[in-house]
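target.txt follows; it contains compact mmCIF, C-alpha atoms and all ligand atoms.
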```txt
# COMPACT_ATOMS: atom_id res chain seq x y z
CA MET B 11 5.84 -5.85 27.48
CA TRP B 12 6.32 -2.23 26.46
CA THR B 13 8.63 -0.17 28.67
CA GLU B 14 9.12 2.85 26.43
CA PHE B 15 7.91 4.17 23.08
CA THR B 16 7.00 7.30 21.10
CA TYR B 17 3.71 7.55 19.22
CA GLN B 18 2.77 10.42 16.92
CA ALA B 19 -0.87 10.38 15.81
CA LEU B 20 -1.43 11.69 12.27
CA PRO B 21 -4.08 14.41 11.78
CA MET B 22 -6.80 13.10 9.49
CA ARG B 23 -10.47 12.31 9.37
CA VAL B 24 -11.76 8.86 8.39
CA SER B 25 -15.29 8.15 7.20
CA PHE B 26 -16.09 4.44 6.65
CA GLY B 27 -19.14 2.59 5.36
CA PRO B 28 -21.04 1.28 2.33
CA GLY B 29 -22.34 4.20 0.27
CA ARG B 30 -20.11 6.80 1.97
CA SER B 31 -18.59 7.89 -1.34
CA ALA B 32 -21.93 9.59 -2.09
CA ARG B 33 -21.01 12.01 0.71
CA VAL B 34 -17.63 13.17 -0.61
CA ALA B 35 -19.12 16.66 -1.05
CA ASP B 36 -19.60 16.88 2.75
CA GLU B 37 -15.89 16.17 3.25
CA VAL B 38 -14.97 18.78 0.64
CA ASP B 39 -17.22 21.35 2.37
CA ALA B 40 -15.82 20.48 5.81
CA LEU B 41 -12.34 21.34 4.53
CA GLY B 42 -13.64 24.64 3.13
CA LEU B 43 -12.73 23.66 -0.45
CA GLU B 44 -14.67 25.17 -3.36
CA ARG B 45 -13.14 23.70 -6.53
CA VAL B 46 -11.57 20.24 -6.43
CA LEU B 47 -9.88 18.31 -9.24
CA VAL B 48 -11.04 14.67 -9.32
CA LEU B 49 -8.20 12.23 -10.11
CA SER B 50 -8.34 8.63 -11.33
CA THR B 51 -6.67 6.14 -13.64
CA PRO B 52 -8.07 5.86 -17.19
CA GLU B 53 -9.70 2.54 -16.12
CA GLN B 54 -11.64 4.23 -13.30
CA GLU B 55 -12.74 7.34 -15.21
CA ASP B 56 -16.45 6.39 -15.02
CA LEU B 57 -16.34 6.18 -11.23
CA ALA B 58 -14.43 9.48 -11.03
CA THR B 59 -17.02 11.10 -13.32
CA ARG B 60 -19.85 9.91 -11.03
CA ILE B 61 -18.11 11.44 -8.03
CA SER B 62 -17.38 14.63 -9.98
CA GLU B 63 -21.05 14.94 -10.96
CA ALA B 64 -22.12 14.49 -7.34
CA LEU B 65 -19.74 17.32 -6.41
CA GLY B 66 -21.56 19.64 -8.83
CA ALA B 67 -20.15 23.18 -8.84
CA ARG B 68 -17.41 22.14 -6.40
CA SER B 69 -15.76 20.02 -9.14
CA ALA B 70 -13.00 21.34 -11.37
CA GLY B 71 -13.50 18.26 -13.56
CA VAL B 72 -11.88 14.86 -13.86
CA HIS B 73 -8.23 14.23 -14.70
CA PRO B 74 -8.09 10.45 -15.43
CA LYS B 75 -4.36 10.11 -16.08
CA ALA B 76 -2.89 8.38 -13.00
CA ARG B 77 -0.30 5.68 -13.68
CA MET B 78 1.59 3.17 -11.49
CA HIS B 79 4.65 4.61 -9.65
CA VAL B 80 3.77 8.24 -10.58
CA PRO B 81 6.01 8.95 -13.62
CA ILE B 82 7.34 12.50 -13.28
CA ASP B 83 5.92 13.74 -16.61
CA ILE B 84 2.42 12.57 -15.57
CA ALA B 85 2.88 14.43 -12.26
CA HIS B 86 3.93 17.65 -14.04
CA VAL B 87 0.92 17.56 -16.38
CA ALA B 88 -1.48 16.92 -13.47
CA SER B 89 0.01 19.82 -11.47
CA ASP B 90 -0.42 22.10 -14.49
CA VAL B 91 -4.04 20.97 -14.95
CA ALA B 92 -4.77 21.67 -11.25
CA ARG B 93 -3.30 25.18 -11.62
CA THR B 94 -5.00 26.09 -14.91
CA ARG B 95 -8.41 24.86 -13.70
CA GLY B 96 -8.02 26.91 -10.49
CA ALA B 97 -8.32 23.87 -8.20
CA ASP B 98 -8.00 24.46 -4.44
CA GLY B 99 -7.89 20.73 -3.60
CA CYS B 100 -7.99 17.23 -5.10
CA VAL B 101 -10.26 14.24 -4.69
CA ALA B 102 -8.21 11.11 -5.49
CA VAL B 103 -10.48 8.16 -6.39
CA GLY B 104 -8.60 4.88 -6.79
CA GLY B 105 -5.63 2.89 -5.59
CA GLY B 106 -2.12 3.87 -4.60
CA SER B 107 -1.32 5.15 -8.09
CA THR B 108 -4.14 7.71 -8.09
CA ILE B 109 -3.57 8.78 -4.50
CA GLY B 110 0.14 9.05 -5.41
CA LEU B 111 -0.76 11.48 -8.19
CA GLY B 112 -2.73 13.57 -5.69
CA LYS B 113 0.34 13.60 -3.45
CA ALA B 114 2.53 14.79 -6.35
CA ILE B 115 0.15 17.74 -6.85
CA ALA B 116 0.14 18.42 -3.09
CA LEU B 117 3.93 18.45 -3.15
CA THR B 118 3.96 21.10 -5.91
CA HIS B 119 1.01 23.32 -4.98
CA GLY B 120 0.19 22.30 -1.38
CA LEU B 121 -3.41 21.41 -2.34
CA PRO B 122 -5.24 19.33 0.31
CA ILE B 123 -6.37 15.81 -0.67
CA VAL B 124 -9.61 13.97 -0.03
CA ALA B 125 -8.82 10.31 -0.72
CA VAL B 126 -11.39 7.71 -1.77
CA PRO B 127 -9.38 4.45 -1.81
CA THR B 128 -10.55 1.55 -3.95
CA THR B 129 -7.71 -0.92 -3.22
CA TYR B 130 -6.04 -2.07 0.01
CA ALA B 131 -2.61 -0.45 -0.66
CA GLY B 132 -2.84 2.08 2.19
CA SER B 133 -1.25 5.16 0.58
CA GLU B 134 -4.15 7.30 1.84
CA MET B 135 -2.90 6.86 5.42
CA THR B 136 0.68 8.01 4.85
CA PRO B 137 2.69 11.21 4.37
CA VAL B 138 4.92 9.26 1.93
CA TRP B 139 5.15 10.40 -1.70
CA GLY B 140 6.88 8.68 -4.63
CA LEU B 141 7.95 9.91 -8.08
CA THR B 142 9.63 7.93 -10.86
CA GLU B 143 12.13 9.50 -13.24
CA ASP B 144 14.44 7.66 -15.68
CA GLY B 145 13.52 4.31 -14.12
CA VAL B 146 14.45 5.44 -10.59
CA LYS B 147 11.74 5.83 -7.96
CA ARG B 148 12.39 8.50 -5.33
CA THR B 149 10.29 8.58 -2.17
CA GLY B 150 10.08 11.00 0.73
CA ARG B 151 7.95 12.03 3.69
CA ASN B 152 6.14 15.34 3.83
CA PRO B 153 3.14 16.12 6.06
CA ALA B 154 1.68 18.26 3.23
CA VAL B 155 0.87 15.13 1.18
CA LEU B 156 -1.05 13.30 3.93
CA PRO B 157 -4.73 13.26 2.85
CA ARG B 158 -6.83 15.46 5.13
CA SER B 159 -9.91 13.31 4.80
CA VAL B 160 -10.34 9.66 3.74
CA VAL B 161 -13.64 8.13 2.63
CA TYR B 162 -13.65 4.32 2.72
CA ASP B 163 -16.60 2.93 0.80
CA PRO B 164 -16.49 -0.90 0.55
CA GLU B 165 -19.01 -0.77 -2.34
CA LEU B 166 -16.27 0.77 -4.51
CA THR B 167 -14.10 -2.33 -3.97
CA LEU B 168 -16.73 -4.81 -5.26
CA THR B 169 -15.20 -4.47 -8.76
CA LEU B 170 -11.60 -5.12 -7.68
CA PRO B 171 -10.61 -8.35 -9.50
CA ALA B 172 -9.95 -11.41 -7.30
CA GLU B 173 -6.21 -11.60 -7.92
CA LEU B 174 -5.66 -7.88 -7.29
CA SER B 175 -7.85 -8.12 -4.19
CA VAL B 176 -5.60 -10.84 -2.76
CA THR B 177 -2.30 -9.22 -3.71
CA SER B 178 -3.38 -5.74 -2.63
CA ALA B 179 -4.48 -7.17 0.73
CA MET B 180 -1.11 -8.93 1.09
CA ASN B 181 0.50 -5.54 0.38
CA ALA B 182 -1.46 -4.24 3.39
CA VAL B 183 -0.36 -7.19 5.55
CA ALA B 184 3.26 -6.37 4.62
CA HIS B 185 2.81 -2.91 6.20
CA ALA B 186 1.53 -4.55 9.38
CA VAL B 187 4.36 -7.08 9.45
CA GLU B 188 7.05 -4.40 9.23
CA GLY B 189 5.24 -2.18 11.73
CA LEU B 190 5.46 -4.97 14.31
CA TYR B 191 9.27 -4.86 14.36
CA ALA B 192 9.82 -1.23 13.30
CA PRO B 193 12.37 0.76 15.33
CA ASN B 194 9.52 3.16 16.16
CA ALA B 195 6.94 0.45 16.95
CA SER B 196 4.52 1.26 19.77
CA PRO B 197 1.70 -0.56 21.59
CA VAL B 198 -1.11 1.14 19.70
CA ILE B 199 0.57 0.46 16.34
CA SER B 200 1.07 -3.21 17.22
CA LEU B 201 -2.62 -3.52 18.11
CA MET B 202 -3.57 -1.97 14.78
CA ALA B 203 -1.14 -4.24 12.91
CA GLU B 204 -2.51 -7.41 14.47
CA GLU B 205 -6.17 -6.39 14.16
CA GLY B 206 -5.68 -5.23 10.55
CA THR B 207 -4.02 -8.51 9.59
CA ARG B 208 -6.74 -10.51 11.36
CA ALA B 209 -9.50 -8.65 9.51
CA ILE B 210 -7.80 -9.21 6.14
CA VAL B 211 -7.00 -12.89 6.70
CA GLU B 212 -10.62 -13.51 7.73
CA ALA B 213 -12.06 -11.60 4.78
CA LEU B 214 -9.96 -12.87 1.87
CA PRO B 215 -11.46 -16.35 1.33
CA GLY B 216 -14.96 -14.82 1.16
CA ILE B 217 -13.80 -12.24 -1.39
CA VAL B 218 -12.23 -14.91 -3.61
CA ARG B 219 -15.44 -16.99 -3.38
CA ASP B 220 -17.63 -14.01 -4.22
CA GLY B 221 -16.12 -10.63 -5.08
CA ARG B 222 -19.49 -8.96 -4.42
CA ASP B 223 -19.68 -10.16 -0.79
CA LEU B 224 -20.07 -6.76 0.88
CA ALA B 225 -19.39 -8.04 4.40
CA ALA B 226 -16.09 -9.59 3.32
CA ARG B 227 -15.22 -6.45 1.34
CA SER B 228 -15.95 -4.30 4.41
CA GLY B 229 -13.71 -6.51 6.56
CA ALA B 230 -10.81 -6.29 4.12
CA LEU B 231 -11.12 -2.52 3.72
CA TYR B 232 -11.29 -2.08 7.50
CA GLY B 233 -8.10 -4.16 7.78
CA ALA B 234 -6.47 -2.17 4.99
CA TRP B 235 -7.21 1.07 6.86
CA LEU B 236 -5.48 -0.22 9.99
CA CYS B 237 -2.48 -1.63 8.08
CA GLY B 238 -2.16 1.63 6.12
CA ALA B 239 -2.15 3.56 9.40
CA VAL B 240 0.71 1.33 10.57
CA LEU B 241 2.63 2.20 7.40
CA GLY B 242 2.01 5.90 7.98
CA ALA B 243 3.26 5.81 11.57
CA THR B 244 6.39 3.65 11.36
CA THR B 245 9.66 3.19 9.50
CA MET B 246 9.59 0.27 7.09
CA SER B 247 12.39 -2.30 6.88
CA LEU B 248 13.90 -5.01 4.65
CA HIS B 249 10.66 -6.07 2.95
CA HIS B 250 9.75 -2.57 1.73
CA LYS B 251 13.37 -1.89 0.80
CA LEU B 252 13.50 -5.02 -1.38
CA CYS B 253 10.15 -4.21 -3.01
CA HIS B 254 11.20 -0.60 -3.60
CA VAL B 255 14.34 -1.71 -5.46
CA LEU B 256 12.62 -4.52 -7.38
CA GLY B 257 9.46 -2.54 -8.25
CA GLY B 258 11.13 0.77 -9.05
CA THR B 259 13.97 -0.63 -11.16
CA TYR B 260 12.27 -3.53 -12.95
CA ASP B 261 8.72 -2.08 -13.09
CA LEU B 262 7.12 -5.15 -11.49
CA PRO B 263 3.43 -5.02 -10.47
CA HIS B 264 3.43 -3.49 -6.99
CA ALA B 265 0.88 -5.60 -5.10
CA ALA B 266 1.93 -8.93 -6.67
CA LEU B 267 5.57 -8.17 -5.85
CA HIS B 268 4.73 -7.59 -2.17
CA THR B 269 2.78 -10.85 -2.13
CA VAL B 270 5.67 -12.88 -3.53
CA MET B 271 8.33 -11.34 -1.27
CA LEU B 272 6.48 -11.21 2.06
CA PRO B 273 6.69 -14.89 3.14
CA HIS B 274 10.44 -14.96 2.40
CA VAL B 275 11.15 -11.81 4.41
CA VAL B 276 8.98 -13.11 7.26
CA ALA B 277 10.98 -16.38 7.19
CA PHE B 278 14.20 -14.35 7.47
CA ASN B 279 13.02 -11.92 10.17
CA ALA B 280 10.77 -14.09 12.35
CA PRO B 281 13.66 -15.71 14.30
CA ALA B 282 14.76 -12.19 15.37
CA SER B 283 11.33 -10.74 16.20
CA GLY B 284 9.20 -12.16 19.01
CA ALA B 285 6.61 -9.45 18.34
CA LEU B 286 6.19 -10.71 14.78
CA ARG B 287 6.04 -14.39 15.76
CA ASP B 288 3.52 -13.72 18.54
CA ALA B 289 1.16 -11.47 16.56
CA LEU B 290 1.13 -13.54 13.35
CA GLY B 291 1.02 -16.72 15.41
CA ARG B 292 -2.23 -15.54 17.04
CA VAL B 293 -3.75 -14.40 13.72
CA LEU B 294 -2.71 -17.38 11.60
CA GLY B 295 -2.81 -20.02 14.35
CA THR B 296 0.68 -21.26 13.59
CA SER B 297 4.25 -21.23 14.85
CA ASP B 298 5.47 -20.75 11.27
CA PRO B 299 3.92 -17.57 9.89
CA ALA B 300 6.11 -17.52 6.76
CA VAL B 301 4.78 -20.86 5.52
CA ALA B 302 1.22 -19.92 6.55
CA LEU B 303 1.37 -16.67 4.51
CA TRP B 304 2.83 -18.48 1.48
CA ASP B 305 0.16 -21.20 1.71
CA LEU B 306 -2.60 -18.61 2.10
CA ALA B 307 -1.47 -16.62 -0.95
CA ARG B 308 -1.14 -19.77 -3.04
CA SER B 309 -4.50 -21.19 -1.96
CA LEU B 310 -6.14 -17.90 -3.00
CA GLY B 311 -4.58 -18.00 -6.47
CA ALA B 312 -1.93 -15.28 -6.00
CA PRO B 313 1.49 -15.47 -7.69
CA THR B 314 4.25 -17.00 -5.56
CA SER B 315 7.36 -16.47 -7.72
CA LEU B 316 9.20 -13.41 -9.01
CA ALA B 317 9.67 -15.26 -12.31
CA GLU B 318 5.92 -15.35 -12.98
CA ILE B 319 5.56 -11.58 -12.44
CA GLY B 320 8.32 -10.74 -14.90
CA MET B 321 11.61 -10.71 -12.96
CA ASP B 322 14.68 -12.02 -14.76
CA ALA B 323 17.01 -14.09 -12.52
CA LYS B 324 20.09 -12.54 -14.12
CA ASP B 325 19.22 -9.18 -12.47
CA LEU B 326 19.15 -10.54 -8.90
CA PRO B 327 22.86 -9.76 -8.13
CA ALA B 328 22.21 -6.08 -8.95
CA VAL B 329 19.26 -6.12 -6.53
CA VAL B 330 21.48 -7.54 -3.77
CA ARG B 331 24.04 -4.76 -4.37
CA ALA B 332 21.39 -2.00 -4.41
CA VAL B 333 19.78 -3.25 -1.18
CA LEU B 334 23.15 -3.46 0.62
CA GLU B 335 24.23 0.00 -0.59
CA SER B 336 21.84 2.07 1.55
CA PRO B 337 21.22 1.29 5.22
CA TYR B 338 17.73 0.64 6.66
CA ALA B 339 16.29 -0.69 9.87
CA ASN B 340 15.71 -4.44 10.21
CA PRO B 341 15.58 -6.90 13.14
CA ARG B 342 18.33 -8.98 11.43
CA THR B 343 21.16 -7.53 9.38
CA PRO B 344 21.25 -9.52 6.13
CA SER B 345 24.52 -10.49 4.46
CA ALA B 346 24.90 -10.62 0.68
CA GLU B 347 24.58 -14.40 0.94
CA ASN B 348 21.34 -14.11 2.96
CA LEU B 349 19.85 -11.78 0.35
CA ARG B 350 20.98 -13.96 -2.55
CA SER B 351 19.36 -17.00 -1.01
CA LEU B 352 16.14 -15.13 -0.05
CA LEU B 353 15.78 -13.66 -3.55
CA THR B 354 16.57 -16.95 -5.27
CA ARG B 355 13.84 -18.71 -3.28
CA ALA B 356 11.40 -15.90 -4.17
CA GLN B 357 12.47 -16.00 -7.82
CA GLN B 358 11.78 -19.74 -8.02
CA GLY B 359 8.60 -19.64 -5.96
CA ASP B 360 9.93 -22.02 -3.30
CA ARG B 361 7.84 -22.59 -0.20
CA PRO B 362 9.67 -20.95 2.77
CA GLN B 363 11.62 -23.44 4.90
CA PRO B 364 10.30 -23.91 8.44
P1 LIG O 1 -3.12 0.88 -8.56
O1 LIG O 1 -3.59 2.12 -7.91
O2 LIG O 1 -2.01 1.01 -9.55
O3 LIG O 1 -4.36 0.15 -9.25
C1 LIG O 1 -4.15 -0.98 -10.07
C2 LIG O 1 -5.24 -1.06 -11.14
O4 LIG O 1 -6.46 -1.45 -10.52
C3 LIG O 1 -5.53 0.26 -11.85
O5 LIG O 1 -5.78 0.02 -13.20
C4 LIG O 1 -6.76 0.76 -11.15
O6 LIG O 1 -7.52 1.63 -11.95
C5 LIG O 1 -7.48 -0.54 -10.87
N1 LIG O 1 -8.42 -0.46 -9.74
C6 LIG O 1 -8.19 0.11 -8.54
N2 LIG O 1 -9.26 -0.08 -7.75
C7 LIG O 1 -10.17 -0.77 -8.47
C8 LIG O 1 -11.47 -1.27 -8.20
N3 LIG O 1 -12.04 -1.10 -6.99
N4 LIG O 1 -12.11 -1.92 -9.17
C9 LIG O 1 -11.53 -2.15 -10.37
N5 LIG O 1 -10.30 -1.73 -10.69
C10 LIG O 1 -9.62 -1.05 -9.74
O7 LIG O 1 -2.68 -0.23 -7.50
P2 LIG O 1 -2.27 -0.13 -5.95
O8 LIG O 1 -1.65 -1.44 -5.66
O9 LIG O 1 -3.40 0.35 -5.12
O10 LIG O 1 -1.18 1.02 -5.91
C11 LIG O 1 0.16 0.78 -6.27
C12 LIG O 1 0.95 2.08 -6.23
O11 LIG O 1 0.73 2.73 -4.98
C13 LIG O 1 2.44 1.86 -6.36
O12 LIG O 1 2.98 2.87 -7.18
C14 LIG O 1 2.94 2.01 -4.92
O13 LIG O 1 4.29 2.43 -4.86
C15 LIG O 1 1.98 3.05 -4.39
N6 LIG O 1 1.83 3.00 -2.90
C16 LIG O 1 2.24 4.09 -2.20
C17 LIG O 1 2.10 4.09 -0.82
C18 LIG O 1 2.52 5.32 -0.04
O14 LIG O 1 2.41 5.35 1.16
N7 LIG O 1 3.01 6.35 -0.70
C19 LIG O 1 1.56 3.00 -0.16
C20 LIG O 1 1.15 1.90 -0.90
C21 LIG O 1 1.28 1.91 -2.30
```
Go ahead and express the file in the form of structure tokens.
Amino acid sequence: MWTEFTYQALPMRVSFGPGRSARVADEVDALGLERVLVLSTPEQEDLATRISEALGARSAGVHPKARMHVPIDIAHVASDVARTRGADGCVAVGGGSTIGLGKAIALTHGLPIVAVPTTYAGSEMTPVWGLTEDGVKRTGRNPAVLPRSVVYDPELTLTLPAELSVTSAMNAVAHAVEGLYAPNASPVISLMAEEGTRAIVEALPGIVRDGRDLAARSGALYGAWLCGAVLGATTMSLHHKLCHVLGGTYDLPHAALHTVMLPHVVAFNAPASGALRDALGRVLGTSDPAVALWDLARSLGAPTSLAEIGMDAKDLPAVVRAVLESPYANPRTPSAENLRSLLTRAQQGDRPQP
């Protein structure tokens, strides 16, 4: 029962549906933009080129140089390209890495972003930017980097490989999980978190069976939108802190890392959060959401141990120290021993204990 809360809605427009990416030009026009730089990773250059061609004279060309965790030199080059081509906005076509590059440009030049997400990571819904320099990832919040318009086209996700589909969706569920017990949780955010998780959990088996199942893809992308909105509206806790330290320092694959860590953080936090137990209990039909999430990820072929995604056990003590060094919100305050045990279980790929 909610007795008090604060909720700040974020100003953005969302357009959702199969084929909607063909209408990116309408979004660009609605924002009054005349010359937009189209961003992508090298792997998604063909898609970005198609969108650039559909933009016609409104396009300042494609810059297909996005990379995971937005290395600072890549951000500087992209900002220079936006300036020299006279861009007045960006269209970021891709996952969190590409949208992150758009945010880096927005941070430098204040250019508005139209985001066309092709994964379930949720960056398009947040005012959070990240930049990596000398192996250290800095993040911050700035309303200037929040995309002004987001076009969700499930057809663009048909090519997302099965394993990345599962891990990226688990990344989205992690946003919902931490939104449920965030210090700035609110009733509308909790509804979005539960509904987003439900949509993803229902969609994933169909996607793994057939990656071209458009109904399942639509369900997962709808869930990802809601979970991303939860991330944008709340303060994240232990799970995101752990993943930030592990991913930023040891360059582990972002979505897979979230997938491995989530069940272990849920096992640690669930005893202290009725909101988490109730919402995940309804969605997963269980009194033990940690085990249910671990079983789900495993049954869908996702990695379940830090070891298999490249983490070396000898570095775990440094992770414990880094996580304890800076304070963050969490329903339970973890001791060094708690963190050691949680990370060791994740490292080994142990099933969470009921
Ligand atoms: P990603 O953007 O790095 O994409 C992974 C790979 O998949 C890339 O090669 C990409 O080209 C490819 N890909 C993406 N969509 C595809 C599709 N539909 N079909 C085929 N290939 C496709 O992965 P991600 O997990 O979306 O993003 C991770 C990054 O986003 C991390 O750096 C993370 O920190 C950041 N992130 C930021 C926020 C935020 O709020 N700032 C939120 C979530 C994630």
- prompt: Quick one: of B:Gly120, B:Gly105, B:Gly71, B:Gly145, who's nearest to ligand LIG 1 (chain O), counting all atoms listed in the file?
  reply: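 Using all atoms listed in the file, ligand LIG 1 (chain O) sits closest to B:Gly105.
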I want to know what sits within 12 Å of B:Glu37, based on only C-alpha atoms, with residues of the same chain fewer than 6 positions away left out; could you give that as a PDB file with C-alpha atoms, in the coordinates of the input?
```pdb
ATOM      1  CA  MET B  22      -6.800  13.100   9.490  1.00  0.00           C
ATOM      2  CA  ARG B  23     -10.470  12.310   9.370  1.00  0.00           C
ATOM      3  CA  VAL B  24     -11.760   8.860   8.390  1.00  0.00           C
ATOM      4  CA  SER B  25     -15.290   8.150   7.200  1.00  0.00           C
ATOM      5  CA  ARG B  30     -20.110   6.800   1.970  1.00  0.00           C
ATOM      6  CA  SER B  31     -18.590   7.890  -1.340  1.00  0.00           C
ATOM      7  CA  LEU B  43     -12.730  23.660  -0.450  1.00  0.00           C
ATOM      8  CA  GLU B  44     -14.670  25.170  -3.360  1.00  0.00           C
ATOM      9  CA  VAL B  46     -11.570  20.240  -6.430  1.00  0.00           C
ATOM     10  CA  LEU B  65     -19.740  17.320  -6.410  1.00  0.00           C
ATOM     11  CA  ARG B  68     -17.410  22.140  -6.400  1.00  0.00           C
ATOM     12  CA  GLY B  99      -7.890  20.730  -3.600  1.00  0.00           C
ATOM     13  CA  CYS B 100      -7.990  17.230  -5.100  1.00  0.00           C
ATOM     14  CA  VAL B 101     -10.260  14.240  -4.690  1.00  0.00           C
ATOM     15  CA  PRO B 122      -5.240  19.330   0.310  1.00  0.00           C
ATOM     16  CA  ILE B 123      -6.370  15.810  -0.670  1.00  0.00           C
ATOM     17  CA  VAL B 124      -9.610  13.970  -0.030  1.00  0.00           C
ATOM     18  CA  ALA B 125      -8.820  10.310  -0.720  1.00  0.00           C
ATOM     19  CA  VAL B 126     -11.390   7.710  -1.770  1.00  0.00           C
ATOM     20  CA  PRO B 157      -4.730  13.260   2.850  1.00  0.00           C
ATOM     21  CA  ARG B 158      -6.830  15.460   5.130  1.00  0.00           C
ATOM     22  CA  SER B 159      -9.910  13.310   4.800  1.00  0.00           C
ATOM     23  CA  VAL B 160     -10.340   9.660   3.740  1.00  0.00           C
ATOM     24  CA  VAL B 161     -13.640   8.130   2.630  1.00  0.00           C
TER      25      VAL B 161
END
```
- request: Would you mind listing what lies within 10 Å of B:Met11 as a list of chain:residue names, with only C-alpha atoms counted and same-chain residues fewer than 3 positions away left out?
  value: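 The filter keeps B:Glu14, B:Pro197, B:Ala285.
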message: List as a PyMOL selection string the protein and nucleic acid residues near stretch 258-262 of chain B, meaning an atom at most 8 Å away when only C-alpha atoms are counted, but skip any in the same chain fewer than 6 places from it.
response: chain B and resi 79+142+145-147+319-321
- prompt: From the list B:Gly27, B:Gly284, B:Pro337, B:Gly295, which residue is nearest B:Lys251 when using all atoms listed in the file?
  reply: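 Closest candidate: B:Pro337.
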- prompt: Which one of B:His249, B:Arg148, B:Arg287, B:His268 sits closest to B:Tyr338 if you count all atoms listed in the file?
  reply: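 Of B:His249, B:Arg148, B:Arg287, B:His268, the one nearest B:Tyr338, counting all atoms listed in the file, is B:His249.
Between B:Phe15 and the residues B:Thr244, B:Ile82, B:Thr177, B:Ala92, the shortest atom-to-atom distance, using all atoms listed in the file, involves B:Thr244.
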- request: Taking only C-alpha atoms and all ligand atoms into account, report as a PyMOL selection string which residues have an atom no farther than 8 Å from an atom of ligand LIG 1 (chain O).
  value: chain B and resi 50-54+77-80+104-110+127-140+149+166-171+174+178+181-182+238+241-242+254+257+263-265
Using C-alpha atoms, can you export the residues from the last selection as an mmCIF file, in the frame of the given file?
```
data_model
loop_
_atom_site.group_PDB
_atom_site.id
_atom_site.type_symbol
_atom_site.label_atom_id
_atom_site.label_comp_id
_atom_site.auth_asym_id
_atom_site.auth_seq_id
_atom_site.Cartn_x
_atom_site.Cartn_y
_atom_site.Cartn_z
ATOM 1 C CA SER B 50 -8.340 8.630 -11.330
ATOM 2 C CA THR B 51 -6.670 6.140 -13.640
ATOM 3 C CA PRO B 52 -8.070 5.860 -17.190
ATOM 4 C CA GLU B 53 -9.700 2.540 -16.120
ATOM 5 C CA GLN B 54 -11.640 4.230 -13.300
ATOM 6 C CA ARG B 77 -0.300 5.680 -13.680
ATOM 7 C CA MET B 78 1.590 3.170 -11.490
ATOM 8 C CA HIS B 79 4.650 4.610 -9.650
ATOM 9 C CA VAL B 80 3.770 8.240 -10.580
ATOM 10 C CA GLY B 104 -8.600 4.880 -6.790
ATOM 11 C CA GLY B 105 -5.630 2.890 -5.590
ATOM 12 C CA GLY B 106 -2.120 3.870 -4.600
ATOM 13 C CA SER B 107 -1.320 5.150 -8.090
ATOM 14 C CA THR B 108 -4.140 7.710 -8.090
ATOM 15 C CA ILE B 109 -3.570 8.780 -4.500
ATOM 16 C CA GLY B 110 0.140 9.050 -5.410
ATOM 17 C CA PRO B 127 -9.380 4.450 -1.810
ATOM 18 C CA THR B 128 -10.550 1.550 -3.950
ATOM 19 C CA THR B 129 -7.710 -0.920 -3.220
ATOM 20 C CA TYR B 130 -6.040 -2.070 0.010
ATOM 21 C CA ALA B 131 -2.610 -0.450 -0.660
ATOM 22 C CA GLY B 132 -2.840 2.080 2.190
ATOM 23 C CA SER B 133 -1.250 5.160 0.580
ATOM 24 C CA GLU B 134 -4.150 7.300 1.840
ATOM 25 C CA MET B 135 -2.900 6.860 5.420
ATOM 26 C CA THR B 136 0.680 8.010 4.850
ATOM 27 C CA PRO B 137 2.690 11.210 4.370
ATOM 28 C CA VAL B 138 4.920 9.260 1.930
ATOM 29 C CA TRP B 139 5.150 10.400 -1.700
ATOM 30 C CA GLY B 140 6.880 8.680 -4.630
ATOM 31 C CA THR B 149 10.290 8.580 -2.170
ATOM 32 C CA LEU B 166 -16.270 0.770 -4.510
ATOM 33 C CA THR B 167 -14.100 -2.330 -3.970
ATOM 34 C CA LEU B 168 -16.730 -4.810 -5.260
ATOM 35 C CA THR B 169 -15.200 -4.470 -8.760
ATOM 36 C CA LEU B 170 -11.600 -5.120 -7.680
ATOM 37 C CA PRO B 171 -10.610 -8.350 -9.500
ATOM 38 C CA LEU B 174 -5.660 -7.880 -7.290
ATOM 39 C CA SER B 178 -3.380 -5.740 -2.630
ATOM 40 C CA ASN B 181 0.500 -5.540 0.380
ATOM 41 C CA ALA B 182 -1.460 -4.240 3.390
ATOM 42 C CA GLY B 238 -2.160 1.630 6.120
ATOM 43 C CA LEU B 241 2.630 2.200 7.400
ATOM 44 C CA GLY B 242 2.010 5.900 7.980
ATOM 45 C CA HIS B 254 11.200 -0.600 -3.600
ATOM 46 C CA GLY B 257 9.460 -2.540 -8.250
ATOM 47 C CA PRO B 263 3.430 -5.020 -10.470
ATOM 48 C CA HIS B 264 3.430 -3.490 -6.990
ATOM 49 C CA ALA B 265 0.880 -5.600 -5.100
#
```
- prompt: Of the candidates B:Ala116, B:Ala76, B:Ala19, B:Ala225, which shows the shortest atom-to-atom distance to B:Val240, using all atoms listed in the file?
  reply: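 The shortest atom-to-atom distance to B:Val240 comes from B:Ala19.
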- prompt: Restricting the calculation to all atoms listed in the file, which member of B:Ala339, B:Ala172, B:Ala184, B:Leu224 is positioned closest to B:Thr245?
  reply: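 When distances to B:Thr245 are compared using all atoms listed in the file, the smallest one comes from B:Ala339.
Atom CA of B:Val198 to atom CA of B:Ala234 spans 16.0 Å [interatomic distance, one decimal].
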query: atom CA of B:Thr354 and atom CA of B:Ser315, how far apart in Å?
result: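 Separation of atom CA of B:Ser315 and atom CA of B:Thr354: 9.5 Å.
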message: As an exercise, work out the distance from atom CA of B:Pro193 to atom CA of B:Gln357 in Å and give it to one decimal place.
response: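 Going from atom CA of B:Pro193 over to atom CA of B:Gln357 covers 28.6 Å.
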- request: Excluding B:Leu349 and residues on its chain fewer than 6 positions from it, collect all residues at most 9 Å away from it, counting all atoms listed in the file, and give them as a list in words.
  value: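 Residues near the query, excluding close chain neighbours: Val329, Val330, Val333 and Leu334 of chain B.
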